[in-house]
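upload17.csv (CSV, C-alpha atoms) appears below.
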chain,number,residue,atom,x,y,z
A,1,MET,CA,120.4,35.8,76.6
A,2,HIS,CA,123.2,35.9,74.1
A,3,ILE,CA,122.3,33.2,71.5
A,4,PRO,CA,125.5,31.5,70.4
A,5,ASP,CA,126.2,30.3,66.9
A,6,GLY,CA,124.6,27.0,66.1
A,7,TYR,CA,121.4,27.4,68.1
A,8,LEU,CA,119.3,29.1,65.4
A,9,ASN,CA,118.8,27.8,61.9
A,10,PRO,CA,120.1,30.0,59.0
A,11,ALA,CA,116.5,31.1,58.2
A,12,THR,CA,115.8,32.4,61.7
A,13,SER,CA,119.2,34.2,61.8
A,14,GLY,CA,118.5,35.7,58.4
A,15,VAL,CA,115.0,36.9,59.2
A,16,MET,CA,116.1,38.5,62.4
A,17,LEU,CA,119.0,40.2,60.7
A,18,ALA,CA,116.6,41.5,58.0
A,19,ALA,CA,114.3,42.7,60.7
A,20,MET,CA,117.0,44.7,62.3
A,21,VAL,CA,118.1,46.5,59.1
A,22,PRO,CA,115.2,49.0,59.1
A,23,VAL,CA,115.6,49.4,62.8
A,24,TRP,CA,119.3,50.2,62.5
A,25,THR,CA,118.5,52.5,59.6
A,26,ALA,CA,115.9,54.4,61.6
A,27,ALA,CA,118.3,54.6,64.6
A,28,VAL,CA,121.1,56.0,62.5
A,29,ARG,CA,118.7,58.5,60.9
A,30,ASN,CA,117.3,59.6,64.2
A,31,VAL,CA,120.7,59.9,65.9
A,32,LYS,CA,122.0,61.9,63.0
A,33,LYS,CA,119.1,64.3,63.2
A,34,ASN,CA,118.6,64.6,66.9
A,35,LEU,CA,121.8,63.8,68.8
A,36,LYS,CA,123.5,67.0,69.8
A,37,ALA,CA,127.3,67.2,69.5
A,38,ARG,CA,127.8,67.4,73.3
A,39,GLN,CA,125.8,64.2,73.8
A,40,VAL,CA,128.1,62.1,71.7
A,41,PRO,CA,130.5,61.1,74.5
A,42,LEU,CA,127.4,60.0,76.4
A,43,LEU,CA,126.6,57.5,73.6
A,44,ALA,CA,130.0,55.9,74.0
A,45,VAL,CA,129.9,55.7,77.8
A,46,GLY,CA,126.3,54.3,77.5
A,47,ALA,CA,127.6,51.5,75.3
A,48,ALA,CA,130.5,50.8,77.5
A,49,PHE,CA,128.3,50.7,80.6
A,50,SER,CA,125.9,48.2,79.0
A,51,PHE,CA,129.0,46.1,78.0
A,52,VAL,CA,130.5,45.9,81.5
A,53,ILE,CA,127.1,45.4,83.2
A,54,MET,CA,126.6,42.3,81.1
A,55,MET,CA,129.8,40.8,82.5
A,56,PHE,CA,128.3,40.5,85.9
A,57,ASN,CA,127.0,37.0,85.7
A,58,VAL,CA,124.6,36.2,88.6
A,59,PRO,CA,124.2,32.6,89.5
A,60,ILE,CA,121.0,30.7,90.4
A,61,PRO,CA,122.6,28.2,92.8
A,62,GLY,CA,122.6,24.8,91.2
A,63,GLY,CA,120.9,26.2,88.2
A,64,SER,CA,121.9,28.5,85.5
A,65,THR,CA,123.5,32.0,85.3
A,66,GLY,CA,122.3,35.2,83.7
A,67,HIS,CA,122.9,38.9,83.9
A,68,ALA,CA,121.4,42.4,83.5
A,69,VAL,CA,121.7,44.1,80.2
A,70,GLY,CA,121.5,47.8,81.1
A,71,SER,CA,119.5,48.6,78.0
A,72,VAL,CA,116.6,50.2,79.8
A,73,LEU,CA,118.8,52.6,81.8
A,74,VAL,CA,120.6,53.6,78.6
A,75,ALA,CA,117.3,54.1,76.8
A,76,ILE,CA,115.9,56.3,79.6
A,77,LEU,CA,119.0,58.5,79.6
A,78,LEU,CA,119.8,58.7,75.9
A,79,GLY,CA,116.5,58.0,74.3
A,80,PRO,CA,115.6,54.7,72.6
A,81,TRP,CA,117.2,55.3,69.2
A,82,SER,CA,120.6,56.2,70.7
A,83,ALA,CA,120.3,53.3,73.1
A,84,CYS,CA,119.5,51.0,70.2
A,85,LEU,CA,122.7,52.1,68.5
A,86,ALA,CA,124.8,51.9,71.8
A,87,VAL,CA,123.6,48.4,72.8
A,88,THR,CA,124.1,47.2,69.2
A,89,VAL,CA,127.7,48.3,69.3
A,90,ALA,CA,128.2,46.5,72.7
A,91,LEU,CA,126.6,43.3,71.4
A,92,VAL,CA,128.7,43.3,68.2
A,93,ILE,CA,131.9,43.8,70.1
A,94,GLN,CA,130.9,41.0,72.5
A,95,ALA,CA,130.3,38.7,69.6
A,96,LEU,CA,133.4,39.6,67.6
A,97,ILE,CA,136.0,40.0,70.3
A,98,PHE,CA,134.7,37.8,73.1
A,99,GLY,CA,132.6,35.1,71.3
A,100,ASP,CA,129.7,36.1,73.6
A,101,GLY,CA,126.7,35.6,71.3
A,102,GLY,CA,127.1,34.2,67.9
A,103,ILE,CA,128.2,36.0,64.7
A,104,THR,CA,125.3,34.4,62.9
A,105,ALA,CA,122.9,35.3,65.7
A,106,ILE,CA,123.9,39.0,65.8
A,107,GLY,CA,120.5,40.1,64.3
A,108,ALA,CA,118.6,38.0,66.8
A,109,ASN,CA,120.6,39.2,69.8
A,110,CYS,CA,120.3,42.8,68.7
A,111,PHE,CA,116.5,42.3,68.1
A,112,ASN,CA,116.1,41.0,71.7
A,113,MET,CA,118.4,43.3,73.7
A,114,ALA,CA,119.0,46.4,71.5
A,115,PHE,CA,115.4,46.7,70.1
A,116,VAL,CA,112.8,44.8,72.1
A,117,GLU,CA,114.2,45.5,75.5
A,118,VAL,CA,115.2,49.1,74.7
A,119,PHE,CA,111.8,50.2,73.3
A,120,THR,CA,109.5,48.3,75.7
A,121,GLY,CA,111.6,49.5,78.6
A,122,TYR,CA,111.6,53.1,77.4
A,123,PHE,CA,107.8,53.2,76.9
A,124,ILE,CA,107.0,51.5,80.1
A,125,TYR,CA,109.2,54.0,81.9
A,126,LYS,CA,107.5,56.9,80.2
A,127,LEU,CA,104.1,55.4,81.0
A,128,LEU,CA,104.8,54.8,84.6
A,129,SER,CA,106.7,58.0,85.4
A,130,GLY,CA,104.0,60.1,83.7
A,131,SER,CA,104.3,63.8,84.4
A,132,SER,CA,106.0,63.3,87.8
A,133,GLU,CA,108.8,65.6,88.9
A,134,ILE,CA,112.3,64.9,87.7
A,135,THR,CA,113.4,64.3,91.3
A,136,SER,CA,110.3,62.2,92.1
A,137,GLY,CA,110.7,58.8,93.8
A,138,ARG,CA,108.1,57.6,91.3
A,139,ARG,CA,110.7,57.8,88.6
A,140,GLY,CA,113.1,55.3,90.3
A,141,ILE,CA,110.2,52.9,90.8
A,142,ALA,CA,109.1,53.4,87.2
A,143,ALA,CA,112.7,52.7,86.0
A,144,GLY,CA,112.9,49.5,88.1
A,145,ALA,CA,109.6,48.2,86.9
A,146,ALA,CA,110.5,49.1,83.3
A,147,GLY,CA,113.8,47.2,83.6
A,148,TYR,CA,112.2,44.2,85.1
A,149,ILE,CA,109.4,43.9,82.6
A,150,ALA,CA,111.5,44.8,79.5
A,151,ILE,CA,114.3,42.2,80.2
A,152,ASN,CA,111.6,39.6,80.7
A,153,ILE,CA,109.9,40.5,77.4
A,154,ALA,CA,113.4,40.3,75.7
A,155,ALA,CA,114.0,36.9,77.4
A,156,PHE,CA,110.6,35.7,76.2
A,157,SER,CA,111.5,36.7,72.7
A,158,ALA,CA,114.8,34.9,72.8
A,159,SER,CA,113.1,31.8,74.2
A,160,VAL,CA,110.7,31.7,71.3
A,161,MET,CA,113.6,31.9,68.9
A,162,PHE,CA,115.2,28.9,70.7
A,163,GLY,CA,112.0,27.1,71.0
A,164,ILE,CA,110.8,27.1,67.4
A,165,GLN,CA,114.0,25.5,66.2
A,166,PRO,CA,113.0,21.8,66.7
A,167,ILE,CA,109.8,22.6,64.7
A,168,LEU,CA,111.7,24.3,61.9
A,169,SER,CA,114.6,21.9,61.4
A,170,HIS,CA,115.0,18.2,62.3
A,171,THR,CA,116.2,15.0,60.8
A,172,ALA,CA,113.8,12.2,59.7
A,173,ASP,CA,114.3,10.4,63.0
A,174,GLY,CA,113.4,13.4,65.1
A,175,GLN,CA,116.9,14.7,66.1
A,176,THR,CA,116.9,18.5,66.0
A,177,LEU,CA,119.5,20.2,63.9
A,178,TYR,CA,119.9,23.4,66.0
A,179,CYS,CA,118.6,24.2,69.5
A,180,PRO,CA,117.4,20.9,70.9
A,181,TYR,CA,114.7,22.2,73.1
A,182,GLY,CA,111.2,23.2,72.0
A,183,LEU,CA,108.9,26.0,73.2
A,184,LYS,CA,107.6,23.9,76.1
A,185,THR,CA,111.1,23.8,77.6
A,186,ALA,CA,112.7,27.0,76.3
A,187,VAL,CA,110.1,29.5,77.3
A,188,PRO,CA,109.6,28.3,81.0
A,189,ALA,CA,113.4,27.9,81.4
A,190,MET,CA,114.3,31.4,80.1
A,191,LEU,CA,111.4,33.1,81.8
A,192,SER,CA,111.8,31.5,85.2
A,193,GLY,CA,115.4,32.7,85.4
A,194,HIS,CA,114.6,36.2,84.4
A,195,LEU,CA,111.3,36.5,86.4
A,196,LEU,CA,113.0,35.1,89.6
A,197,VAL,CA,116.5,36.5,89.5
A,198,PHE,CA,117.9,38.3,86.5
A,199,GLY,CA,114.9,40.6,86.1
A,200,TRP,CA,115.4,41.9,89.6
A,201,VAL,CA,119.1,42.6,88.9
A,202,GLU,CA,118.0,44.6,85.8
A,203,ALA,CA,115.4,46.4,88.0
A,204,ILE,CA,118.0,47.4,90.6
A,205,VAL,CA,120.6,48.5,88.0
A,206,THR,CA,117.9,50.6,86.2
A,207,ALA,CA,116.4,52.1,89.4
A,208,LEU,CA,119.8,52.9,91.0
A,209,GLY,CA,121.0,54.4,87.7
A,210,ILE,CA,118.0,56.8,87.7
A,211,LYS,CA,118.5,57.6,91.4
A,212,TYR,CA,122.1,58.4,90.7
A,213,MET,CA,121.3,60.7,87.8
A,214,GLN,CA,118.6,62.5,89.9
A,215,LYS,CA,121.3,63.4,92.3
A,216,THR,CA,124.1,64.2,89.9
A,217,ASP,CA,122.8,65.4,86.6
A,218,GLN,CA,119.0,65.9,86.1
A,219,SER,CA,119.4,67.3,82.7
A,220,LEU,CA,119.8,63.8,81.4
A,221,LEU,CA,116.3,62.9,82.7
A,222,GLU,CA,114.6,65.8,81.1
A,223,GLY,CA,115.0,64.9,77.5
A,224,GLY,CA,115.5,61.3,76.5
A,225,LYS,CA,114.1,62.0,73.1
B,1,MET,CA,128.1,76.1,83.5
B,2,ARG,CA,125.7,73.6,82.0
B,3,GLU,CA,128.3,72.4,79.5
B,4,GLY,CA,130.8,72.0,82.4
B,5,ASN,CA,128.3,69.8,84.3
B,6,LYS,CA,127.8,67.6,81.3
B,7,MET,CA,131.5,67.1,80.9
B,8,LYS,CA,131.7,66.1,84.5
B,9,THR,CA,128.8,63.7,84.2
B,10,VAL,CA,130.5,61.9,81.3
B,11,ALA,CA,133.8,61.7,83.3
B,12,LYS,CA,131.9,60.4,86.3
B,13,LEU,CA,130.2,57.8,84.3
B,14,TRP,CA,133.5,56.6,82.8
B,15,ILE,CA,134.8,56.2,86.4
B,16,TRP,CA,131.8,54.0,87.1
B,17,VAL,CA,132.6,51.9,84.0
B,18,GLY,CA,136.1,51.6,85.4
B,19,VAL,CA,134.8,50.6,88.8
B,20,PHE,CA,132.6,47.9,87.2
B,21,ALA,CA,135.5,46.7,85.1
B,22,VAL,CA,137.6,46.2,88.3
B,23,LEU,CA,134.8,44.4,90.0
B,24,SER,CA,133.9,42.3,86.9
B,25,PRO,CA,135.6,39.2,88.2
B,26,LEU,CA,132.7,38.8,90.5
B,27,GLY,CA,130.7,37.9,87.4
B,28,LEU,CA,133.1,35.0,87.0
B,29,ILE,CA,133.6,34.0,90.7
B,30,LEU,CA,130.1,34.1,92.0
B,31,PRO,CA,128.7,31.6,89.4
B,32,LYS,CA,131.6,29.3,90.2
B,33,VAL,CA,131.2,29.5,94.0
B,34,PHE,CA,127.4,29.0,93.8
B,35,LYS,CA,127.6,26.4,91.0
B,36,GLY,CA,125.5,28.5,88.7
B,37,GLY,CA,126.2,26.4,85.6
B,38,ASP,CA,125.9,27.7,82.0
B,39,ALA,CA,123.4,30.3,81.0
B,40,TRP,CA,120.4,28.6,79.5
B,41,GLY,CA,120.9,28.0,75.7
B,42,GLU,CA,124.6,28.8,75.9
B,43,TRP,CA,126.1,25.4,76.3
B,44,ASP,CA,129.0,24.2,74.2
B,45,ALA,CA,128.9,21.0,72.1
B,46,GLU,CA,129.9,18.9,75.1
B,47,GLY,CA,127.2,20.5,77.2
B,48,ILE,CA,124.5,19.8,74.7
B,49,ASN,CA,125.7,16.2,74.3
B,50,GLY,CA,125.5,15.8,78.1
B,51,LEU,CA,121.9,17.2,78.2
B,52,VAL,CA,120.2,15.5,75.2
B,53,GLY,CA,122.7,12.7,74.3
B,54,TYR,CA,123.7,14.0,70.8
B,55,ILE,CA,125.2,17.0,69.1
B,56,PRO,CA,122.7,18.5,66.7
B,57,ALA,CA,124.2,18.3,63.1
B,58,GLY,CA,123.5,22.0,62.2
B,59,PHE,CA,124.9,23.1,65.6
B,60,GLN,CA,128.0,21.1,65.0
B,61,LYS,CA,128.6,22.9,61.7
B,62,LEU,CA,128.1,26.4,63.1
B,63,THR,CA,129.4,26.3,66.7
B,64,ASP,CA,133.1,26.9,65.9
B,65,LEU,CA,132.4,29.3,63.0
B,66,TRP,CA,134.1,32.2,64.7
B,67,LYS,CA,137.4,32.2,66.6
B,68,ALA,CA,137.1,35.2,69.0
B,69,PRO,CA,140.4,36.6,70.1
B,70,LEU,CA,139.4,36.7,73.8
B,71,PRO,CA,136.9,33.8,74.0
B,72,ASP,CA,134.6,34.0,77.0
B,73,TYR,CA,136.6,37.0,78.3
B,74,THR,CA,139.8,35.2,78.8
B,75,PHE,CA,143.0,34.6,76.8
B,76,ARG,CA,143.2,31.7,74.4
B,77,GLY,CA,144.5,28.6,76.3
B,78,TRP,CA,143.8,30.1,79.7
B,79,GLU,CA,140.4,28.4,80.1
B,80,ASP,CA,141.7,25.8,82.5
B,81,LYS,CA,143.8,28.2,84.6
B,82,GLY,CA,142.7,29.2,88.1
B,83,LEU,CA,140.2,31.9,89.2
B,84,ILE,CA,142.9,34.4,89.9
B,85,GLN,CA,144.3,34.2,86.3
B,86,ASN,CA,140.9,34.2,84.8
B,87,GLY,CA,139.8,37.0,87.0
B,88,PHE,CA,142.7,39.0,85.8
B,89,ALA,CA,141.8,38.2,82.2
B,90,TYR,CA,138.3,39.3,82.9
B,91,VAL,CA,139.4,42.7,84.0
B,92,VAL,CA,141.7,43.0,81.0
B,93,SER,CA,138.7,42.0,78.8
B,94,ALA,CA,136.4,44.6,80.5
B,95,VAL,CA,139.0,47.3,79.9
B,96,ALA,CA,139.8,46.2,76.3
B,97,GLY,CA,136.1,45.9,75.5
B,98,SER,CA,135.3,49.4,76.9
B,99,VAL,CA,138.2,51.0,74.9
B,100,ILE,CA,137.2,49.2,71.7
B,101,ILE,CA,133.6,50.4,72.2
B,102,TRP,CA,134.7,53.9,72.9
B,103,LEU,CA,136.8,53.9,69.6
B,104,THR,CA,134.0,52.4,67.7
B,105,MET,CA,131.4,54.9,69.0
B,106,ARG,CA,133.8,57.7,68.2
B,107,ALA,CA,134.2,56.5,64.6
B,108,ILE,CA,130.5,56.0,64.2
B,109,SER,CA,129.7,59.4,65.7
B,110,ARG,CA,132.2,61.1,63.4
B,111,LEU,CA,130.5,59.6,60.4
B,112,LEU,CA,127.1,60.6,61.7
B,113,ILE,CA,127.7,64.0,63.2
B,114,LYS,CA,130.1,66.5,61.6
B,115,LYS,CA,133.1,67.8,63.6
B,116,THR,CA,131.7,67.2,67.0
B,117,TRP,CA,133.7,64.8,69.0
B,118,ASP,CA,136.7,66.8,69.8
B,119,LYS,CA,134.9,69.7,71.3
Write out the structure in this file as structure tokens.
Amino acid sequence: MHIPDGYLNPATSGVMLAAMVPVWTAAVRNVKKNLKARQVPLLAVGAAFSFVIMMFNVPIPGGSTGHAVGSVLVAILLGPWSACLAVTVALVIQALIFGDGGITAIGANCFNMAFVEVFTGYFIYKLLSGSSEITSGRRGIAAGAAGYIAINIAAFSASVMFGIQPILSHTADGQTLYCPYGLKTAVPAMLSGHLLVFGWVEAIVTALGIKYMQKTDQSLLEGGK
Amino acid sequence: MREGNKMKTVAKLWIWVGVFAVLSPLGLILPKVFKGGDAWGEWDAEGINGLVGYIPAGFQKLTDLWKAPLPDYTFRGWEDKGLIQNGFAYVVSAVAGSVIIWLTMRAISRLLIKKTWDK
């Protein structure tokens, strides 16, 4: 889901970056106000966790590869604003140091994985877990479902960015200037991979993460604000 | 008591990050073994050319814009080395990335929250 340089036209990249500015501003404000000093090391480990999880590429034999993002787990444990900041840092490091995701696409990639996935995942988890006990099995299921749905919404968002490129920029003879595939190809291709395989990986990562915290440190499941 | 638990949680989570870093070459090896191919929409110029028969002009201009120091989680020039070398580079990348993220988060947190980190 890491859109590389060259797949989005400058307008799309610019709009997505502009869209992220108020989100980042709000995230920084919120973290400044609400994050307690003792939670700060959690923010760092949350970002590092998301970073290493994304290295686990899972193949669809003979097809493509993809991976979990870990955004939803981080959002449940740290709250969505802290998670937005943590996943943003992971994505920026991936782009700068490892060339995973484009420099010009950083706004778009953060929009999909650090904003859309984080917030949809967080609210789906809240909705599904309701007022259940902290130790309830329902929370693991809620977390898994939230991970599955949220990564698919993020993948859909990425696929729309890819898919609108041929409409936005092409030469007179019909060659595209950026992503060569339109919505009819991009959306089914991205969604099928995530609905069939990568979404389940995200679901398992998120559910197991919550189960683990239920066993080791329930205090992290109480707040998440 | 509570504070102590919290500290332990963070330490445990870093151990998990370390475990994942050591296991990370699986993310390189499994796609090779099962012929997973590139992630959709993450092909290089050659890959796009193979798929659609041309390299889009705008793509051509932007694709090599950034020279990452550890491209695709390996060392420059190691792309064609074997799985063992690249697996090793993967672990180094996972550790390096985690350390850089830790330092970055520490710097950001210091700016955001006053005199907190070192407690």
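For the pair atom CA of A:Ile151 and atom CA of A:Phe51, the interatomic distance is 15.4 Å.
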Residues of chain B within 6 Å of chain A, counting only C-alpha atoms, as an MDAnalysis selection string: chainID B and resid 17 24 27 31 34:39 56:59 62:63 68:73 98 102 105 112 116
The selected residues should be written to file as a PDB file, in the coordinates of the input (atoms: C-alpha atoms).
ATOM      1  CA  VAL B  17     132.600  51.900  84.000  1.00  0.00           C
ATOM      2  CA  SER B  24     133.900  42.300  86.900  1.00  0.00           C
ATOM      3  CA  GLY B  27     130.700  37.900  87.400  1.00  0.00           C
ATOM      4  CA  PRO B  31     128.700  31.600  89.400  1.00  0.00           C
ATOM      5  CA  PHE B  34     127.400  29.000  93.800  1.00  0.00           C
ATOM      6  CA  LYS B  35     127.600  26.400  91.000  1.00  0.00           C
ATOM      7  CA  GLY B  36     125.500  28.500  88.700  1.00  0.00           C
ATOM      8  CA  GLY B  37     126.200  26.400  85.600  1.00  0.00           C
ATOM      9  CA  ASP B  38     125.900  27.700  82.000  1.00  0.00           C
ATOM     10  CA  ALA B  39     123.400  30.300  81.000  1.00  0.00           C
ATOM     11  CA  PRO B  56     122.700  18.500  66.700  1.00  0.00           C
ATOM     12  CA  ALA B  57     124.200  18.300  63.100  1.00  0.00           C
ATOM     13  CA  GLY B  58     123.500  22.000  62.200  1.00  0.00           C
ATOM     14  CA  PHE B  59     124.900  23.100  65.600  1.00  0.00           C
ATOM     15  CA  LEU B  62     128.100  26.400  63.100  1.00  0.00           C
ATOM     16  CA  THR B  63     129.400  26.300  66.700  1.00  0.00           C
ATOM     17  CA  ALA B  68     137.100  35.200  69.000  1.00  0.00           C
ATOM     18  CA  PRO B  69     140.400  36.600  70.100  1.00  0.00           C
ATOM     19  CA  LEU B  70     139.400  36.700  73.800  1.00  0.00           C
ATOM     20  CA  PRO B  71     136.900  33.800  74.000  1.00  0.00           C
ATOM     21  CA  ASP B  72     134.600  34.000  77.000  1.00  0.00           C
ATOM     22  CA  TYR B  73     136.600  37.000  78.300  1.00  0.00           C
ATOM     23  CA  SER B  98     135.300  49.400  76.900  1.00  0.00           C
ATOM     24  CA  TRP B 102     134.700  53.900  72.900  1.00  0.00           C
ATOM     25  CA  MET B 105     131.400  54.900  69.000  1.00  0.00           C
ATOM     26  CA  LEU B 112     127.100  60.600  61.700  1.00  0.00           C
ATOM     27  CA  THR B 116     131.700  67.200  67.000  1.00  0.00           C
TER      28      THR B 116
END
Coordinates-based distance that separates atom CA of A:Gly144 from atom CA of B:Glu42 (Å, one decimal): 26.7 Å
Between atom CA of B:Ala89 and atom CA of A:Val201, distance in Å (one decimal): 24.1 Å
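With all atoms listed in the file as the atoms that count, the residue of A:Gly137, A:Gly163, A:Gly121, A:Gly174 with the shortest distance to B:Tyr54 is A:Gly174.
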Contacts of B:Ala21 at 8 Å (all atoms listed in the file; same-chain gap of 6+ positions) as a ChimeraX atom specification: /A:52 /B:91,94-95
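Of the listed residues (B:Val10, B:Ile15, B:Ile84, B:Ala96), B:Ile84 comes nearest to B:Ile29; the distances count only C-alpha atoms.
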